[in-house]
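What follows is a short report on a single structure.
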Number of protein chains: 2
Amino acid sequence: MVKRILVALGGNAIKQAHEKGTVEEQFRNVKTTCKHLLEIIKRGYELVITHGNGPQVGNLMIQQEEGSKLVPPQPLDVLGAMTQGQIGYMLQQTLINYMEKEGINKPVATVVTQVLVNRDDPDFQDPHKPVGPFYTLEEAENLRRVKNYFIRKVKPSGGRVYRRVVPSPDPVKPIEGEAIRRMVDAGIIVIASGGGGIPVIEASNALKGVEAVIDKDLAGERLAEVVKADVFLVLTDVEKALLNYGKPDEKPIDKMTLEEAKKYYREGHFLPGSMGPKVLACIRFLEWGGDKAIITSLDKAIDALEGKTGTHIAKR
Amino acid sequence: MVKRILVALGGNAIKQAHEKGTVEEQFRNVKTTCKHLLEIIKRGYELVITHGNGPQVGNLMIQQEEGSKLVPPQPLDVLGAMTQGQIGYMLQQTLINYMEKEGINKPVATVVTQVLVNRDDPDFQDPHKPVGPFYTLEEAENLRRVKNYFIRKVKPSGGRVYRRVVPSPDPVKPIEGEAIRRMVDAGIIVIASGGGGIPVIEASNALKGVEAVIDKDLAGERLAEVVKADVFLVLTDVEKALLNYGKPDEKPIDKMTLEEAKKYYREGHFLPGSMGPKVLACIRFLEWGGDKAIITSLDKAIDALEGKTGTHIAKR
């Protein structure tokens with residue numbers, strides 16, 4: 001039986017934290033990433049890939065702002081769409097190159113993906129996700145006034161300590177889900193829901209983009225449901241999730257049942273905005289009916305799929 | 001029998017010449033465009049859409065340059081990928097909204113598309129397609145030196161009369177063609193090969209992006225072949241192609257046979273970089289085996305499909 005897997009790539013799969021984000025750096029990282037993805041393909045899985053876009057959309061925001069005297073800046077939903085094109089292209093080209101070398105003949109395609117969010121999501125009233133450049137107090141107050149941005153102080157002291165914050169609403173479903181499911185059924189390797197997808201609300205019976213950012217693991221999980229994935233593989237920068245994170249008695253988790261995962265999640269073992277949404281995404285995947293969810297690092301992906309490492313979460 | 005149609009949208013389908021390119025302007029144009037596309041869908045055609053990206057990639061180039069002290073600029077192939085995300089998103093969202101209102105339930109998806117070009121294409125030695133901002137002589141000379149850009153004087157006089165020129169190689173085939181064909185077969189409306197596709201060459205058995213621009217109609221025609229389109233519809237800003245263009249005896253063409261089209265093309269009736277590549281794309285489509293090619297304006301698309309207007313080109 002062919003298994004279908006949804007792989008959610010971590011930020012370091014495309015840009016390392018210390019890098020500026022040149023095209024050379026990004027292609028270098030993408031090559032490493034695609035070597036691991038190739039191994040997954042060689043093991044016969046039907047593969048759907050999603051990825052983050054934080055640094056890329058941050059860079060675009062800076063460029064839009066710097067060029068704003070000459071060219072109209074685009075809003076965050078459009079910038080998200082741009083990064084899906086950008087990152088999808090790099091992943092797609094590299095994956096095709098690696099498959100070609102191995103004589104694997106499978107089409108790959110990146111799909112521009114909108115993700116529906118609830119217009120009543122509480123996050124719209126209380127945005128907290130920092131995006132884009134850092135501002136001085138003066139710049140921050142100007143942006144509040146002129147652009148109606150929510151701005152927050154994100155560092156205790158220094159000159160540029162303010163940043164724009166946007167809502168991070170909970171994903172409901174990928175709008176292009178049905179298209180993506182048909183593509184996977186047709187034997188296509190699909191890259192989709194990049195950066196958590198382009199957030200859209202339903203207003204007067206029509207989709208409309210909103211300036212927000214969706215967690216890519218939570219959005220990836222919604223996609224995993226639609227494509228009926230068997231396995232949900234969340235790749236990050238650690239080999240295993242930790243119990244008692246940051247405490248003297250912290251310890252790596254090899255296995256959790258769904259009930260254990262829910263209990264640990266409720267007890268606050270996992271950092272919000274970091275391991276928290278990853279574990280929550282895994283919980284949702286199993287509750288929906290998925291077989292198995294795994295959290296591990298990119299370089300341990302294959303070992304984890306073979307059961308040798310990673311944090312495995314299953315119904316029982 | 002269901003007919004399959006490839007529609008190549010002109011630049012004005014997304015941004016009018018006099019506009020700056022704000023998101024509001026672009027969505028307004030896209031709405032008009034999608035009203036016409038909806039009519040095509042309602043007539044039962046299987047639809048594949050391609051589009052230009054000139055103004056969008058030009059704006060991105062300016063923003064990249066303005067932000068270059070803070071953020072590494074991305075090369076032209078990556079910017080092309082970004083515009084595919086940007087424009088695909090706007091088209092896809094709007095088309096989905098219009099179909100929903102009419103109760104039409106067909107998935108729509110934009111595919112990031114690379115287009116293979118020949119690394120020996122003569123255009124690489126003699127680039128002539130102007131892209132991005134205008135420069136002074138001093139800036140131009142600096143860019144020639146520092147970035148190895150080809151720069152040309154594009155206006156006879158004034159301050160900023162220089163522009164970067166890039167090759168515009170002939171498209172060979174869309175790399176994602178097989179994926180797109182399977183998608184259309186699976187009932188998906190596909191938006192692809194935006195901006196003529198992301199130009200890639202084959203170097204050491206691997207695809208590699210190049211800084212070039214492909215004509216979107218010629219690239220669209222290659223896609224029409226791969227998806228086995230019956231009809232190739234080229235939308236532009238005029239209702240019909242003209243014989244003796246720009247001369248006192250110019251006259252609109254209602255119908256051409258393939259042989260007539262080839263004769264007129266050879267005789268130089270059609271402007272290079274404008275109607276020329278559109279007619280050439282139609283010629284190629286018929287020579288490949290397509291049923292019918294039509295050149296007309298966006299607002300005449302349906303009338304033209306019904307045979308009431310436009311320039312129709314068929315084998316005989």
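By order in the structure tokens, chains are A, B, ...; within a chain, residues start at 1; ligands start at 1, following the order shown.
Summary of the local environment: counting only C-alpha atoms, residues at most 10 Å from A:Ala261, other than itself and those fewer than 4 positions away along its chain, are Lys255, Met256, Thr257, Tyr265, Arg266, Glu267, His269, Val279, Leu280, Cys282, Ile283, Ile313, Ala314 and Lys315 of chain A.
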Please tabulate, as CSV, the residues of chain B that come within 7 Å of chain A, each with its closest pair of atoms and the distance in Å to one decimal, counting only C-alpha atoms and ordering rows by chain, then residue number upward.
```
residue,atom,partner,partner_atom,distance
B:Lys20,CA,A:Pro72,CA,6.9
B:Gly21,CA,A:Pro72,CA,6.5
B:Thr22,CA,A:Pro72,CA,5.3
B:Val23,CA,A:Gln74,CA,6.0
B:Asn59,CA,A:Val71,CA,6.1
B:Ile62,CA,A:Gly67,CA,6.7
B:Gln63,CA,A:Gly67,CA,4.5
B:Gln64,CA,A:Gln63,CA,5.7
B:Glu66,CA,A:Gly67,CA,5.1
B:Gly67,CA,A:Gln63,CA,4.5
B:Val71,CA,A:Asn59,CA,6.1
B:Pro72,CA,A:Thr22,CA,5.3
B:Gln74,CA,A:Val23,CA,6.0
B:Val78,CA,A:Gln86,CA,5.6
B:Ala81,CA,A:Gly85,CA,4.8
B:Met82,CA,A:Met82,CA,4.1
B:Thr83,CA,A:Met82,CA,6.1
B:Gln84,CA,A:Gly85,CA,6.1
B:Gly85,CA,A:Gly85,CA,4.5
B:Gln86,CA,A:Met82,CA,5.0
B:Tyr89,CA,A:Ala81,CA,6.3
B:Gln93,CA,A:Leu207,CA,6.7
B:Asn97,CA,A:Ala206,CA,5.3
B:Pro107,CA,A:Ala179,CA,5.3
B:Val108,CA,A:Ala179,CA,6.6
B:Ala109,CA,A:Val111,CA,6.1
B:Thr110,CA,A:Val112,CA,5.4
B:Val111,CA,A:Val111,CA,5.0
B:Val112,CA,A:Thr110,CA,5.4
B:Glu176,CA,A:Ala109,CA,6.6
B:Glu178,CA,A:Pro107,CA,6.4
B:Ala179,CA,A:Pro107,CA,5.3
B:Arg182,CA,A:Ala186,CA,6.5
B:Met183,CA,A:Met183,CA,6.2
B:Ala186,CA,A:Arg182,CA,6.5
B:Ile188,CA,A:Ala179,CA,6.4
B:Ala206,CA,A:Asn97,CA,5.3
B:Leu207,CA,A:Asn97,CA,6.4
```
Could you tell me, as JSON, numbers by chain, which residues of stretch 123-314 of chain B DSSP assigns to strand (DSSP E or B) when given the backbone? {"B": [129, 130, 131, 132, 133, 134, 135, 150, 151, 152, 153, 162, 163, 164, 165, 166, 171, 172, 173, 174, 189, 190, 191, 192, 198, 199, 200, 201, 202, 203, 206, 207, 208, 209, 231, 232, 233, 234, 235, 236, 242, 243, 251, 252, 255, 256, 257, 292, 293, 294, 295, 296, 297, 311, 312, 313, 314]}
Would you mind listing what lies within 12 Å of B:Lys35 as a ChimeraX atom specification, with only C-alpha atoms counted and same-chain residues fewer than 6 positions away left out? /B:13,28-29,41-42,91,94-99,101-102,298-302
For those residues, write N, CA and C atoms to a file as an mmCIF file, in the first residue's frame.
```cif
data_model
loop_
_atom_site.group_PDB
_atom_site.id
_atom_site.type_symbol
_atom_site.label_atom_id
_atom_site.label_comp_id
_atom_site.auth_asym_id
_atom_site.auth_seq_id
_atom_site.Cartn_x
_atom_site.Cartn_y
_atom_site.Cartn_z
ATOM 1 N N ALA B 13 -4.878 43.043 -18.944
ATOM 2 C CA ALA B 13 -5.784 42.196 -18.167
ATOM 3 C C ALA B 13 -5.509 42.331 -16.676
ATOM 4 N N ARG B 28 -9.032 45.331 -9.561
ATOM 5 C CA ARG B 28 -10.134 45.846 -10.390
ATOM 6 C C ARG B 28 -10.013 45.311 -11.823
ATOM 7 N N ASN B 29 -8.823 45.379 -12.374
ATOM 8 C CA ASN B 29 -8.613 44.848 -13.727
ATOM 9 C C ASN B 29 -8.851 43.341 -13.781
ATOM 10 N N ILE B 41 -15.714 29.714 -19.335
ATOM 11 C CA ILE B 41 -15.966 28.510 -18.524
ATOM 12 C C ILE B 41 -17.424 28.075 -18.671
ATOM 13 N N LYS B 42 -18.343 29.049 -18.640
ATOM 14 C CA LYS B 42 -19.773 28.732 -18.737
ATOM 15 C C LYS B 42 -20.130 28.076 -20.077
ATOM 16 N N LEU B 91 -5.819 36.235 -9.793
ATOM 17 C CA LEU B 91 -6.700 35.609 -10.787
ATOM 18 C C LEU B 91 -7.507 34.464 -10.169
ATOM 19 N N THR B 94 -10.224 35.611 -7.629
ATOM 20 C CA THR B 94 -11.339 36.282 -8.286
ATOM 21 C C THR B 94 -12.171 35.296 -9.100
ATOM 22 N N LEU B 95 -11.507 34.403 -9.783
ATOM 23 C CA LEU B 95 -12.215 33.398 -10.575
ATOM 24 C C LEU B 95 -13.036 32.484 -9.667
ATOM 25 N N ILE B 96 -12.457 32.075 -8.563
ATOM 26 C CA ILE B 96 -13.190 31.234 -7.604
ATOM 27 C C ILE B 96 -14.434 31.980 -7.108
ATOM 28 N N ASN B 97 -14.285 33.258 -6.785
ATOM 29 C CA ASN B 97 -15.427 34.047 -6.311
ATOM 30 C C ASN B 97 -16.540 34.117 -7.354
ATOM 31 N N TYR B 98 -16.178 34.354 -8.597
ATOM 32 C CA TYR B 98 -17.187 34.464 -9.656
ATOM 33 C C TYR B 98 -17.860 33.127 -9.926
ATOM 34 N N MET B 99 -17.091 32.062 -9.908
ATOM 35 C CA MET B 99 -17.681 30.747 -10.162
ATOM 36 C C MET B 99 -18.638 30.371 -9.032
ATOM 37 N N LYS B 101 -20.431 32.297 -7.248
ATOM 38 C CA LYS B 101 -21.700 33.023 -7.426
ATOM 39 C C LYS B 101 -22.597 32.373 -8.469
ATOM 40 N N GLU B 102 -21.980 31.732 -9.455
ATOM 41 C CA GLU B 102 -22.747 31.085 -10.525
ATOM 42 C C GLU B 102 -23.006 29.615 -10.224
ATOM 43 N N LEU B 298 -9.645 41.522 -25.018
ATOM 44 C CA LEU B 298 -10.291 40.871 -23.875
ATOM 45 C C LEU B 298 -11.806 41.004 -23.942
ATOM 46 N N ASP B 299 -12.288 42.213 -24.234
ATOM 47 C CA ASP B 299 -13.749 42.428 -24.189
ATOM 48 C C ASP B 299 -14.464 41.817 -25.390
ATOM 49 N N LYS B 300 -13.722 41.371 -26.368
ATOM 50 C CA LYS B 300 -14.343 40.714 -27.526
ATOM 51 C C LYS B 300 -14.131 39.202 -27.488
ATOM 52 N N ALA B 301 -13.596 38.711 -26.396
ATOM 53 C CA ALA B 301 -13.204 37.300 -26.343
ATOM 54 C C ALA B 301 -14.356 36.366 -26.699
ATOM 55 N N ILE B 302 -15.504 36.590 -26.082
ATOM 56 C CA ILE B 302 -16.640 35.683 -26.312
ATOM 57 C C ILE B 302 -17.168 35.833 -27.742
#
```
Compare B:Lys247, B:Lys292, B:His36, B:Arg164 by their minimum atom-to-atom distance to B:Phe270, counting only C-alpha atoms, and give me the closest one. B:Lys247
At a cut-off of 7 Å, using only C-alpha atoms, what residues contact A:Gly196? Leave out same-chain residues fewer than 5 positions from it and give the result as a VMD selection string. chain A and resid 52 214 to 216 219 to 220
May I ask for the distance between atom CA of A:Glu221 and atom CA of A:Met1, given in Å to one decimal place? 21.9 Å
